[in-house]
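protein.cif follows (mmCIF, C-alpha atoms):
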```
data_model
#
loop_
_atom_site.label_atom_id
_atom_site.label_comp_id
_atom_site.auth_asym_id
_atom_site.auth_seq_id
_atom_site.Cartn_x
_atom_site.Cartn_y
_atom_site.Cartn_z
CA MET A 31 20.30 30.47 15.72
CA GLY A 32 18.96 32.98 18.22
CA VAL A 33 15.72 31.09 18.88
CA GLN A 34 14.76 29.04 21.91
CA GLU A 35 13.89 25.60 20.59
CA LYS A 36 10.74 25.21 22.69
CA GLU A 37 9.08 28.51 21.79
CA GLN A 38 6.50 28.93 19.05
CA LEU A 39 8.28 29.30 15.73
CA TRP A 40 5.39 29.84 13.38
CA GLY A 41 4.01 33.25 12.54
CA GLY A 42 0.80 35.03 11.68
CA GLU A 43 -0.19 33.07 8.54
CA THR A 44 0.03 29.80 10.42
CA THR A 45 -2.00 31.23 13.29
CA LYS A 46 -4.70 32.36 10.86
CA ALA A 47 -4.82 28.91 9.31
CA VAL A 48 -5.12 27.21 12.70
CA GLU A 49 -8.03 29.53 13.52
CA ASN A 50 -9.66 29.11 10.11
CA PHE A 51 -9.49 25.31 9.89
CA PRO A 52 -10.52 23.71 13.20
CA VAL A 53 -11.79 20.69 11.29
CA SER A 54 -10.42 17.26 12.15
CA GLY A 55 -7.58 17.70 14.60
CA GLU A 56 -5.49 15.70 12.11
CA ARG A 57 -2.40 17.44 10.80
CA VAL A 58 -0.70 17.25 7.41
CA PRO A 59 1.16 13.92 7.17
CA ILE A 60 4.60 14.22 8.72
CA PRO A 61 6.41 12.79 5.67
CA VAL A 62 5.07 15.76 3.67
CA ILE A 63 6.40 18.19 6.29
CA HIS A 64 9.81 16.53 6.19
CA TRP A 65 9.90 16.79 2.41
CA LEU A 66 8.93 20.44 2.57
CA GLY A 67 12.04 20.84 4.72
CA ARG A 68 14.22 18.99 2.22
CA ILE A 69 12.93 21.05 -0.68
CA LYS A 70 13.44 24.34 1.20
CA GLY A 71 16.97 23.37 2.16
CA ALA A 72 17.93 22.35 -1.37
CA SER A 73 16.28 25.48 -2.75
CA ALA A 74 18.33 27.76 -0.50
CA ARG A 75 21.55 26.03 -1.52
CA VAL A 76 20.72 26.30 -5.21
CA ASN A 77 19.68 29.94 -4.96
CA ALA A 78 23.04 30.68 -3.36
CA GLU A 79 24.84 28.80 -6.15
CA LEU A 80 22.94 30.86 -8.69
CA GLY A 81 23.96 34.09 -6.95
CA LEU A 82 20.40 34.96 -6.03
CA LEU A 83 20.66 34.57 -2.25
CA ASP A 84 23.34 35.69 0.17
CA GLU A 85 25.51 32.68 0.98
CA ASP A 86 25.47 33.14 4.75
CA LYS A 87 21.72 33.57 4.77
CA ALA A 88 21.31 30.56 2.48
CA ASN A 89 23.45 28.42 4.78
CA ARG A 90 21.32 29.35 7.77
CA ILE A 91 18.11 28.63 5.86
CA ALA A 92 19.46 25.30 4.66
CA ALA A 93 20.59 24.29 8.14
CA ALA A 94 17.18 25.17 9.60
CA ALA A 95 15.38 23.34 6.79
CA ASP A 96 17.54 20.26 7.36
CA ARG A 97 16.42 20.20 10.98
CA VAL A 98 12.79 20.36 9.87
CA ALA A 99 13.45 17.51 7.43
CA GLU A 100 14.94 15.42 10.23
CA GLY A 101 11.78 15.79 12.30
CA GLU A 102 13.16 18.06 15.00
CA PHE A 103 10.25 20.50 14.77
CA ASP A 104 7.25 18.36 13.93
CA ASP A 105 5.30 20.06 16.71
CA GLN A 106 5.63 23.40 14.90
CA PHE A 107 3.25 22.32 12.12
CA PRO A 108 -0.20 22.56 13.72
CA ILE A 109 -2.45 23.22 10.72
CA ASP A 110 -5.33 20.84 10.04
CA VAL A 111 -4.94 18.68 6.95
CA PHE A 112 -8.36 19.88 5.76
CA GLN A 113 -7.22 23.34 4.73
CA THR A 114 -6.86 25.41 1.59
CA GLY A 115 -6.74 22.99 -1.33
CA SER A 116 -3.33 24.04 -2.63
CA GLY A 117 -1.56 23.45 0.68
CA THR A 118 -0.61 27.13 0.79
CA SER A 119 -1.12 27.27 4.55
CA SER A 120 1.35 24.47 5.18
CA ASN A 121 3.89 25.96 2.78
CA MET A 122 3.62 29.28 4.63
CA ASN A 123 3.94 27.39 7.91
CA ALA A 124 7.22 25.87 6.69
CA ASN A 125 8.47 29.25 5.49
CA GLU A 126 7.71 30.85 8.86
CA VAL A 127 9.31 28.11 10.97
CA ILE A 128 12.46 27.98 8.85
CA ALA A 129 12.77 31.78 8.77
CA ALA A 130 12.41 31.95 12.57
CA LEU A 131 15.14 29.35 12.98
CA ALA A 132 17.43 30.98 10.43
CA GLY A 133 17.54 34.46 11.99
CA ASP A 134 15.80 37.83 12.15
CA ASP A 135 17.22 38.98 8.82
CA VAL A 136 15.67 36.04 6.93
CA HIS A 137 12.35 36.76 5.22
CA ARG A 138 9.86 33.92 5.04
CA ASN A 139 8.74 34.75 1.48
CA ASP A 140 11.60 36.63 -0.17
CA ASP A 141 14.31 34.29 1.13
CA VAL A 142 12.91 30.91 2.28
CA ASN A 143 10.33 30.79 -0.51
CA MET A 144 12.61 32.22 -3.21
CA GLY A 145 11.90 30.75 -6.64
CA GLN A 146 8.92 28.82 -5.30
CA SER A 147 5.15 28.89 -4.99
CA SER A 148 2.86 26.80 -2.82
CA ASN A 149 1.39 25.60 -6.10
CA ASP A 150 4.56 23.77 -7.12
CA VAL A 151 6.28 23.18 -3.77
CA PHE A 152 3.47 21.58 -1.79
CA PRO A 153 2.46 19.02 -4.45
CA SER A 154 6.15 18.28 -5.02
CA ALA A 155 6.49 17.50 -1.32
CA VAL A 156 3.46 15.22 -1.50
CA HIS A 157 4.83 13.39 -4.55
CA LEU A 158 8.21 12.89 -2.93
CA ALA A 159 6.74 11.78 0.39
CA ALA A 160 4.72 9.15 -1.48
CA LEU A 161 7.70 8.12 -3.60
CA ASP A 162 9.93 7.87 -0.53
CA THR A 163 7.56 5.89 1.70
CA ALA A 164 6.39 3.57 -1.07
CA THR A 165 9.98 2.86 -2.15
CA ASN A 166 11.69 2.57 1.20
CA GLN A 167 8.92 1.29 3.45
CA LEU A 168 6.12 -0.47 1.57
CA LEU A 169 7.99 -2.27 -1.22
CA PRO A 170 10.51 -3.98 1.13
CA VAL A 171 7.62 -5.23 3.27
CA LEU A 172 5.86 -6.59 0.18
CA ASP A 173 9.05 -8.49 -0.66
CA GLN A 174 8.95 -9.91 2.88
CA LEU A 175 5.30 -10.96 2.55
CA GLU A 176 5.87 -12.52 -0.86
CA ALA A 177 8.79 -14.51 0.55
CA SER A 178 6.64 -15.71 3.45
CA PHE A 179 3.97 -17.03 1.09
CA ALA A 180 6.58 -18.56 -1.23
CA ALA A 181 8.19 -20.40 1.68
CA LYS A 182 4.83 -21.82 2.69
CA ALA A 183 4.11 -22.77 -0.93
CA ASP A 184 7.22 -24.92 -0.88
CA GLU A 185 6.46 -26.32 2.57
CA PHE A 186 2.91 -27.28 1.58
CA LYS A 187 3.61 -28.54 -1.95
CA ASP A 188 2.68 -32.17 -1.18
CA TYR A 189 -0.50 -31.53 0.80
CA VAL A 190 -3.50 -32.36 -1.39
CA LYS A 191 -6.91 -30.85 -0.60
CA SER A 192 -10.19 -30.09 -2.28
CA GLY A 193 -10.20 -27.15 -4.59
CA ARG A 194 -13.16 -24.78 -4.31
CA THR A 195 -15.00 -22.64 -6.82
CA HIS A 196 -18.17 -20.70 -5.93
CA LEU A 197 -17.41 -21.84 -2.35
CA MET A 198 -18.30 -25.35 -3.53
CA ASP A 199 -16.11 -28.44 -3.77
CA ALA A 200 -14.00 -28.64 -6.91
CA VAL A 201 -11.22 -30.87 -8.22
CA PRO A 202 -8.19 -31.36 -5.94
CA VAL A 203 -5.32 -28.92 -5.67
CA THR A 204 -2.38 -28.72 -3.32
CA LEU A 205 -2.18 -26.30 -0.44
CA GLY A 206 1.18 -25.27 -1.88
CA GLN A 207 -0.44 -24.28 -5.16
CA GLU A 208 -2.81 -21.97 -3.35
CA PHE A 209 0.01 -20.32 -1.41
CA SER A 210 2.01 -19.96 -4.61
CA GLY A 211 -0.92 -18.00 -6.00
CA TYR A 212 -0.91 -15.74 -2.95
CA ALA A 213 2.82 -15.08 -3.36
CA ALA A 214 2.21 -14.13 -7.00
CA GLN A 215 -0.62 -11.76 -6.04
CA VAL A 216 1.70 -9.90 -3.69
CA ARG A 217 4.51 -9.89 -6.26
CA LEU A 218 2.22 -8.50 -8.96
CA GLY A 219 0.88 -5.91 -6.51
CA ALA A 220 4.41 -4.71 -5.84
CA ARG A 221 5.06 -4.57 -9.59
CA ARG A 222 2.01 -2.39 -10.15
CA ILE A 223 3.20 0.01 -7.47
CA LYS A 224 6.70 0.12 -8.99
CA ASN A 225 5.20 0.85 -12.39
CA ALA A 226 3.36 3.87 -10.97
CA LEU A 227 6.37 5.38 -9.20
CA PRO A 228 8.20 6.84 -12.25
CA GLN A 229 5.18 9.09 -12.80
CA VAL A 230 5.04 10.02 -9.11
CA ALA A 231 8.75 10.93 -9.35
CA GLN A 232 7.90 13.70 -11.85
CA ILE A 233 7.43 16.79 -9.69
CA PRO A 234 6.08 20.21 -10.67
CA LEU A 235 8.83 22.15 -8.86
CA GLY A 236 9.90 25.13 -10.96
CA GLY A 237 6.43 25.84 -12.31
CA THR A 238 5.74 28.35 -9.50
CA ALA A 239 2.18 29.73 -9.62
CA THR A 240 0.74 28.43 -12.89
CA GLY A 241 3.42 26.29 -14.57
CA THR A 242 5.17 29.11 -16.41
CA GLY A 243 8.08 29.29 -13.96
CA MET A 244 7.55 32.98 -13.28
CA ASN A 245 10.03 34.42 -10.71
CA THR A 246 12.34 31.42 -10.73
CA HIS A 247 15.69 30.83 -12.43
CA ARG A 248 15.70 28.49 -15.42
CA GLU A 249 18.23 26.20 -13.75
CA PHE A 250 16.59 26.26 -10.33
CA ALA A 251 14.32 23.21 -10.56
CA GLY A 252 16.89 20.95 -12.23
CA ARG A 253 19.56 21.77 -9.68
CA VAL A 254 17.19 21.22 -6.77
CA ARG A 255 16.13 17.83 -8.16
CA THR A 256 19.80 16.86 -8.49
CA LEU A 257 20.55 17.79 -4.87
CA LEU A 258 17.51 15.90 -3.61
CA THR A 259 18.37 12.83 -5.67
CA GLU A 260 21.95 12.84 -4.41
CA ALA A 261 20.79 13.21 -0.81
CA THR A 262 18.10 10.51 -0.87
CA GLY A 263 18.94 8.09 -3.67
CA LEU A 264 15.48 8.57 -5.15
CA GLU A 265 15.33 9.20 -8.89
CA ILE A 266 13.46 12.51 -8.94
CA ARG A 267 12.41 13.54 -12.42
CA PRO A 268 11.32 16.65 -14.30
CA PRO A 269 7.74 16.76 -15.56
CA GLU A 270 7.05 15.71 -19.13
CA ASP A 271 5.09 18.93 -19.40
CA PRO A 272 5.01 21.67 -16.72
CA PHE A 273 1.33 22.41 -17.26
CA GLU A 274 0.36 18.76 -16.94
CA ALA A 275 2.37 18.57 -13.73
CA GLN A 276 0.81 21.72 -12.33
CA GLY A 277 -2.80 21.19 -13.32
CA ASN A 278 -3.52 17.69 -12.06
CA ARG A 279 -2.42 15.00 -9.66
CA ASP A 280 -2.98 12.04 -11.98
CA ALA A 281 0.23 10.31 -10.92
CA LEU A 282 -0.94 10.19 -7.32
CA VAL A 283 -4.33 8.85 -8.43
CA GLU A 284 -2.49 6.16 -10.41
CA LEU A 285 -0.42 5.15 -7.38
CA SER A 286 -3.54 5.05 -5.23
CA GLY A 287 -5.13 2.76 -7.80
CA ALA A 288 -2.19 0.36 -7.56
CA LEU A 289 -2.48 0.42 -3.77
CA LYS A 290 -6.19 -0.33 -4.10
CA VAL A 291 -5.43 -3.37 -6.25
CA LEU A 292 -3.04 -4.60 -3.58
CA ALA A 293 -5.79 -4.13 -0.98
CA VAL A 294 -8.16 -6.17 -3.17
CA SER A 295 -5.55 -8.95 -3.38
CA LEU A 296 -4.99 -8.91 0.37
CA THR A 297 -8.74 -9.11 0.92
CA LYS A 298 -8.96 -12.30 -1.15
CA ILE A 299 -5.95 -13.83 0.58
CA ALA A 300 -7.00 -12.93 4.12
CA ASN A 301 -10.52 -14.24 3.50
CA ASP A 302 -9.12 -17.51 2.14
CA LEU A 303 -6.90 -17.99 5.18
CA ALA A 304 -9.77 -17.26 7.58
CA TRP A 305 -11.98 -19.75 5.75
CA MET A 306 -9.30 -22.46 5.61
CA GLY A 307 -8.57 -22.01 9.30
CA SER A 308 -12.25 -22.00 10.24
CA GLY A 309 -13.65 -24.52 12.69
CA PRO A 310 -11.42 -26.18 13.60
CA ARG A 311 -13.93 -29.04 13.95
CA THR A 312 -17.18 -27.83 12.43
CA ALA A 313 -15.92 -25.94 9.37
CA ILE A 314 -13.10 -26.26 6.83
CA GLY A 315 -10.13 -26.74 9.18
CA GLU A 316 -7.39 -27.23 6.58
CA ILE A 317 -4.78 -24.96 8.16
CA LEU A 318 -3.88 -23.93 11.68
CA LEU A 319 -3.40 -20.21 12.13
CA PRO A 320 -1.09 -18.93 14.89
CA GLU A 321 -2.88 -18.64 18.22
CA LEU A 322 -2.10 -15.09 19.33
CA GLN A 323 -4.73 -14.28 21.94
CA LYS A 324 -8.01 -15.38 23.48
CA GLY A 325 -10.86 -15.12 21.00
CA SER A 326 -13.74 -14.79 23.41
CA SER A 327 -14.45 -13.32 26.81
CA ILE A 328 -17.04 -16.05 27.47
CA MET A 329 -16.11 -19.13 25.40
CA PRO A 330 -12.98 -20.80 26.82
CA GLY A 331 -10.36 -21.89 24.33
CA LYS A 332 -11.82 -20.03 21.37
CA VAL A 333 -9.22 -18.60 18.98
CA ASN A 334 -10.04 -16.19 16.16
CA PRO A 335 -8.24 -15.28 12.89
CA VAL A 336 -7.27 -11.89 14.29
CA ILE A 337 -4.51 -10.98 11.83
CA PRO A 338 -6.56 -11.77 8.71
CA GLU A 339 -9.32 -9.67 10.27
CA VAL A 340 -6.92 -6.75 10.74
CA VAL A 341 -5.76 -7.09 7.13
CA LEU A 342 -9.36 -7.10 5.93
CA GLN A 343 -10.11 -3.90 7.83
CA ILE A 344 -6.95 -2.22 6.53
CA SER A 345 -7.85 -3.23 2.98
CA ALA A 346 -11.34 -1.79 3.32
CA GLN A 347 -9.88 1.51 4.53
CA VAL A 348 -7.39 1.62 1.64
CA ILE A 349 -10.18 1.03 -0.86
CA GLY A 350 -12.20 3.82 0.76
CA ASN A 351 -9.20 6.15 0.69
CA ASP A 352 -8.79 5.46 -3.01
CA THR A 353 -12.35 6.60 -3.65
CA ALA A 354 -11.64 9.92 -1.92
CA ILE A 355 -8.40 10.31 -3.89
CA THR A 356 -10.20 9.57 -7.15
CA VAL A 357 -12.79 12.27 -6.44
CA ALA A 358 -10.05 14.69 -5.39
CA GLY A 359 -8.14 13.96 -8.57
CA THR A 360 -11.07 15.13 -10.67
CA GLN A 361 -10.82 18.60 -9.11
CA GLY A 362 -7.99 19.91 -11.25
CA ASN A 363 -9.45 23.09 -12.70
CA PHE A 364 -7.34 24.83 -15.33
CA GLU A 365 -3.79 25.33 -13.95
CA LEU A 366 -4.12 23.75 -10.49
CA ASN A 367 -5.61 20.83 -8.62
CA VAL A 368 -6.96 22.20 -5.34
CA ARG A 369 -7.56 19.03 -3.35
CA VAL A 370 -3.91 18.23 -2.70
CA PRO A 371 -4.04 18.03 1.13
CA LEU A 372 -6.90 15.51 0.88
CA ILE A 373 -4.89 13.42 -1.59
CA ALA A 374 -1.83 13.64 0.65
CA ARG A 375 -3.76 12.60 3.73
CA ASN A 376 -5.34 9.55 2.09
CA LEU A 377 -2.39 8.42 -0.01
CA LEU A 378 0.15 8.55 2.83
CA ASP A 379 -2.42 6.80 5.03
CA GLN A 380 -2.77 4.02 2.46
CA ILE A 381 0.99 3.49 2.32
CA ARG A 382 1.32 3.55 6.11
CA LEU A 383 -1.54 1.11 6.68
CA LEU A 384 -0.40 -1.32 4.00
CA THR A 385 3.18 -1.22 5.25
CA SER A 386 2.28 -2.07 8.84
CA GLY A 387 -0.50 -4.45 7.80
CA CYS A 388 1.65 -6.48 5.41
CA ARG A 389 4.45 -6.69 7.96
CA ILE A 390 2.26 -8.14 10.69
CA PHE A 391 0.53 -10.36 8.13
CA ALA A 392 3.90 -11.93 7.29
CA GLU A 393 5.35 -12.08 10.78
CA LYS A 394 2.32 -12.82 12.94
CA CYS A 395 0.28 -14.95 10.57
CA VAL A 396 1.78 -16.41 7.40
CA ASP A 397 5.13 -17.44 8.87
CA GLY A 398 3.36 -19.39 11.60
CA ILE A 399 0.70 -21.17 9.55
CA LYS A 400 0.72 -24.98 9.83
CA ALA A 401 -0.99 -27.55 7.68
CA ASN A 402 -3.79 -29.48 9.39
CA GLU A 403 -3.01 -32.83 7.82
CA ASP A 404 -6.18 -34.55 9.00
CA GLY A 405 -8.33 -31.73 7.69
CA LEU A 406 -6.54 -31.67 4.35
CA ARG A 407 -6.82 -35.43 3.92
CA ARG A 408 -10.53 -35.35 4.73
CA SER A 409 -10.99 -32.46 2.32
CA ALA A 410 -9.21 -34.22 -0.52
CA GLU A 411 -10.99 -37.53 -0.05
CA MET A 412 -14.48 -36.08 0.34
CA THR A 413 -14.68 -33.85 -2.71
CA LEU A 414 -17.09 -35.42 -5.17
CA SER A 415 -15.71 -33.24 -7.93
CA ALA A 416 -12.74 -35.58 -8.05
CA ALA A 417 -14.97 -37.69 -10.26
CA THR A 418 -14.03 -35.23 -13.02
CA ALA A 419 -10.90 -37.35 -13.50
CA LEU A 420 -13.13 -40.21 -14.68
CA ASN A 421 -14.54 -38.17 -17.59
CA PRO A 422 -11.96 -39.36 -20.17
CA TYR A 423 -12.87 -42.98 -19.32
CA ILE A 424 -16.63 -42.92 -18.78
CA GLY A 425 -17.84 -39.52 -20.05
CA TYR A 426 -19.42 -36.52 -18.34
CA ASP A 427 -22.96 -37.93 -18.05
CA LYS A 428 -21.89 -41.17 -16.37
CA GLY A 429 -19.65 -39.18 -14.03
CA ALA A 430 -22.56 -36.89 -13.14
CA GLU A 431 -24.71 -39.92 -12.30
CA ILE A 432 -22.03 -41.28 -9.98
CA VAL A 433 -21.63 -37.92 -8.21
CA LYS A 434 -25.40 -37.50 -7.77
CA GLN A 435 -25.87 -40.94 -6.27
CA ALA A 436 -22.89 -40.47 -3.95
CA ALA A 437 -24.21 -37.08 -2.83
CA ASP A 438 -27.75 -38.32 -2.28
CA SER A 439 -26.74 -41.46 -0.41
CA GLY A 440 -23.70 -40.18 1.46
CA ARG A 441 -21.80 -43.24 0.26
CA PRO A 442 -18.13 -43.05 -0.81
CA LEU A 443 -17.52 -42.11 -4.43
CA ARG A 444 -15.53 -45.28 -4.99
CA ASP A 445 -18.36 -47.57 -3.89
CA VAL A 446 -20.90 -45.90 -6.15
CA ALA A 447 -18.53 -45.84 -9.14
CA LEU A 448 -17.74 -49.54 -8.87
CA GLU A 449 -21.42 -50.36 -8.42
CA LEU A 450 -22.24 -48.46 -11.61
CA GLY A 451 -19.74 -50.39 -13.68
CA VAL A 452 -16.41 -48.61 -13.39
CA ASP A 453 -13.72 -51.26 -13.06
CA GLU A 454 -11.42 -51.02 -10.07
CA ALA A 455 -8.20 -50.59 -12.07
CA THR A 456 -9.64 -47.67 -14.05
CA TYR A 457 -10.93 -46.02 -10.90
CA ASP A 458 -7.61 -46.30 -9.08
CA LYS A 459 -5.68 -44.99 -12.09
CA ALA A 460 -7.94 -42.00 -12.60
CA MET A 461 -8.45 -41.12 -8.95
CA ASP A 462 -4.85 -40.62 -7.79
CA LEU A 463 -5.40 -37.36 -5.91
CA ARG A 464 -1.82 -36.12 -6.05
CA THR A 465 -1.59 -36.72 -9.79
CA MET A 466 -4.98 -35.08 -10.19
CA ALA A 467 -3.84 -31.97 -8.34
CA GLN A 468 -0.91 -31.56 -10.72
CA GLY A 469 -3.24 -31.45 -13.72
CA ASN A 470 -1.14 -30.93 -16.83
CA LEU A 471 1.53 -28.84 -15.09
#
```
Please lay out the structure from this file as structure tokens.
Amino acid sequence: MGVQEKEQLWGGETTKAVENFPVSGERVPIPVIHWLGRIKGASARVNAELGLLDEDKANRIAAAADRVAEGEFDDQFPIDVFQTGSGTSSNMNANEVIAALAGDDVHRNDDVNMGQSSNDVFPSAVHLAALDTATNQLLPVLDQLEASFAAKADEFKDYVKSGRTHLMDAVPVTLGQEFSGYAAQVRLGARRIKNALPQVAQIPLGGTATGTGMNTHREFAGRVRTLLTEATGLEIRPPEDPFEAQGNRDALVELSGALKVLAVSLTKIANDLAWMGSGPRTAIGEILLPELQKGSSIMPGKVNPVIPEVVLQISAQVIGNDTAITVAGTQGNFELNVRVPLIARNLLDQIRLLTSGCRIFAEKCVDGIKANEDGLRRSAEMTLSAATALNPYIGYDKGAEIVKQAADSGRPLRDVALELGVDEATYDKAMDLRTMAQGNL
């Protein structure tokens, strides 16, 4: 294409942006850059079909854009993610790189950017990057994590233990029931994400500067969406209203909210696993977590719940990212939201962190969890709340008296109950722990 592949391909607008925004050293997320390439390539092809762009020039633009989309020129996108709020600098960066690759007769604005504006192209790239990574990376990993928990739910279905509410002993449950609940949390989290994606799939492409579609062909946006859908398998949709699509980023805020809910679920699950694996002798000690590495530089043999701790940190970051996205989403003034790079940075970060975090959670933690049978048996037999099963026979007040005396004296529940008048047959019938754990299921 007449350009040495290692030389600088960007032009003056990119240079100005690099000089103007020496903020974080963190660039625009690479998936967004790749989707800018896909959109530019499809746009060139459509403009040629519509007779608006010379076919040879369009082919060269499309070929160059395809190479950007494939990641061949990631190093040619140096602008800080904290830049102009519309992403104009990154759109200009893409135009300059593609024009340089396509040939000296290709103009970065008139040709590469034909029928487009930063105001519709950059947010479209962000939407599609989020749609792509959530669909093809995060959701399959959530299926994997759900399956890991479901397998353990089946494996642990006959292990009875004490339930806990308020971190206090409660009536018995099975370890399998708890893991079944974790599998459902992940499944519901994935469903919430899926429910948000049809809105994310609505892109503002074709609205150009303010949503009116000025300087673009009426068929341009629809044809580009069709090409992108055919190339990627993603169902890319038109906006329900072009001014809604141009003026806000509510769909991305919605997706971030679903990701936050998943992070909340993972926090509960990871905390539970760390608690159940605690000890192993002086705390709960109901499960055995995989031993992955030394847990202390001074205490020999100590092993820590390192993967749950990683998941907890990831979840905290995702929740924090959601707060930034929420604030950014409120900044849609009139015809344009001008916090799009911030949303892109945090949303793609959420998806990336959750994808890697859920994968290692499944593979390095959940799949290797073992039941600590001694700990579970001790847990089930020691919970005084099991006396709840006596209520239908002796009433709440009598049951409370038995529990209080057993707690105060440290004596077994059975001994106190028989001493206070519960006959042995009634006690044995009511206090079958496995039956108790099944409740009325």
Quiz item: Between A:Gly425, A:Gly398, A:Pro170, A:Gly241, which one has atoms that come closest to Val216 of chain A, using only C-alpha atoms?
Solution: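 Of all the options, A:Pro170 lies closest to Val216 of chain A.
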Quiz item: Do you have the atom CA of Ala95 of chain A-atom CA of His157 of chain A distance handy?
Solution: 18.4 Å
Exercise. Have a look at A:His247, A:Lys191, A:Arg444, A:Lys434 and name the one nearest to Leu406 of chain A; count all atoms listed in the file.
Key: A:Lys191
Can you spell out as an mmCIF file with C-alpha atoms, in the coordinates of the input the set of residues that the PyMOL selection byres ((chain A and resi 300) around 9) selects in the structure I just provided?
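Saved as selection.cif:
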```
data_model
loop_
_atom_site.group_PDB
_atom_site.id
_atom_site.type_symbol
_atom_site.label_atom_id
_atom_site.label_comp_id
_atom_site.auth_asym_id
_atom_site.auth_seq_id
_atom_site.Cartn_x
_atom_site.Cartn_y
_atom_site.Cartn_z
ATOM 1 C CA SER A 295 -5.550 -8.950 -3.380
ATOM 2 C CA LEU A 296 -4.990 -8.910 0.370
ATOM 3 C CA THR A 297 -8.740 -9.110 0.920
ATOM 4 C CA LYS A 298 -8.960 -12.300 -1.150
ATOM 5 C CA ILE A 299 -5.950 -13.830 0.580
ATOM 6 C CA ASN A 301 -10.520 -14.240 3.500
ATOM 7 C CA ASP A 302 -9.120 -17.510 2.140
ATOM 8 C CA LEU A 303 -6.900 -17.990 5.180
ATOM 9 C CA ALA A 304 -9.770 -17.260 7.580
ATOM 10 C CA TRP A 305 -11.980 -19.750 5.750
ATOM 11 C CA ILE A 337 -4.510 -10.980 11.830
ATOM 12 C CA PRO A 338 -6.560 -11.770 8.710
ATOM 13 C CA GLU A 339 -9.320 -9.670 10.270
ATOM 14 C CA VAL A 341 -5.760 -7.090 7.130
ATOM 15 C CA LEU A 342 -9.360 -7.100 5.930
ATOM 16 C CA PHE A 391 0.530 -10.360 8.130
#
```
Practice problem: List the residues matched by the PyMOL selection byres ((chain A and resi 343-358) around 6) in the displayed structure as JSON, numbers by chain, ordered by chain and then by residue number. | Solution: {"A": [286, 290, 293, 340, 341, 342, 359, 360, 361, 369, 373, 376, 380]}
Quiz item: Quick one: which residues end up in the PyMOL selection byres ((chain A and resi 258) around 12) for this structure, as number ranges by chain?
Solution: A: 65-73, 75-76, 96, 99, 154-155, 158, 162, 231, 233, 235, 251-257, 259-267
Could you save those same residues with C-alpha atoms as an mmCIF file, in the coordinates of the input?
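New file part_33.cif:
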```cif
data_model
loop_
_atom_site.group_PDB
_atom_site.id
_atom_site.type_symbol
_atom_site.label_atom_id
_atom_site.label_comp_id
_atom_site.auth_asym_id
_atom_site.auth_seq_id
_atom_site.Cartn_x
_atom_site.Cartn_y
_atom_site.Cartn_z
ATOM 1 C CA TRP A 65 9.900 16.790 2.410
ATOM 2 C CA LEU A 66 8.930 20.440 2.570
ATOM 3 C CA GLY A 67 12.040 20.840 4.720
ATOM 4 C CA ARG A 68 14.220 18.990 2.220
ATOM 5 C CA ILE A 69 12.930 21.050 -0.680
ATOM 6 C CA LYS A 70 13.440 24.340 1.200
ATOM 7 C CA GLY A 71 16.970 23.370 2.160
ATOM 8 C CA ALA A 72 17.930 22.350 -1.370
ATOM 9 C CA SER A 73 16.280 25.480 -2.750
ATOM 10 C CA ARG A 75 21.550 26.030 -1.520
ATOM 11 C CA VAL A 76 20.720 26.300 -5.210
ATOM 12 C CA ASP A 96 17.540 20.260 7.360
ATOM 13 C CA ALA A 99 13.450 17.510 7.430
ATOM 14 C CA SER A 154 6.150 18.280 -5.020
ATOM 15 C CA ALA A 155 6.490 17.500 -1.320
ATOM 16 C CA LEU A 158 8.210 12.890 -2.930
ATOM 17 C CA ASP A 162 9.930 7.870 -0.530
ATOM 18 C CA ALA A 231 8.750 10.930 -9.350
ATOM 19 C CA ILE A 233 7.430 16.790 -9.690
ATOM 20 C CA LEU A 235 8.830 22.150 -8.860
ATOM 21 C CA ALA A 251 14.320 23.210 -10.560
ATOM 22 C CA GLY A 252 16.890 20.950 -12.230
ATOM 23 C CA ARG A 253 19.560 21.770 -9.680
ATOM 24 C CA VAL A 254 17.190 21.220 -6.770
ATOM 25 C CA ARG A 255 16.130 17.830 -8.160
ATOM 26 C CA THR A 256 19.800 16.860 -8.490
ATOM 27 C CA LEU A 257 20.550 17.790 -4.870
ATOM 28 C CA THR A 259 18.370 12.830 -5.670
ATOM 29 C CA GLU A 260 21.950 12.840 -4.410
ATOM 30 C CA ALA A 261 20.790 13.210 -0.810
ATOM 31 C CA THR A 262 18.100 10.510 -0.870
ATOM 32 C CA GLY A 263 18.940 8.090 -3.670
ATOM 33 C CA LEU A 264 15.480 8.570 -5.150
ATOM 34 C CA GLU A 265 15.330 9.200 -8.890
ATOM 35 C CA ILE A 266 13.460 12.510 -8.940
ATOM 36 C CA ARG A 267 12.410 13.540 -12.420
#
```
Exercise. Would you kindly identify which residues have an atom no farther than 12 Å from (4.5, -19.5, 5.7), using all atoms listed in the file and the file's own coordinates, and write them out as an NGL selection string?
Key: :A and (174-187 or 205-206 or 208-210 or 212-213 or 303 or 317-320 or 391-401)
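Comparing A:Ser409, A:Ser116, A:Glu431, A:Asn139 by their smallest distance to Gly277 of chain A, the closest is A:Ser116 (using only C-alpha atoms).
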Quiz item: Got a sec: who's within 7 Å of segment 53-58 of chain A, counting all atoms listed in the file, leaving out chain neighbours fewer than 2 positions off, as an MDAnalysis selection string?
Solution: chainID A and resid 51 60 108:112 375
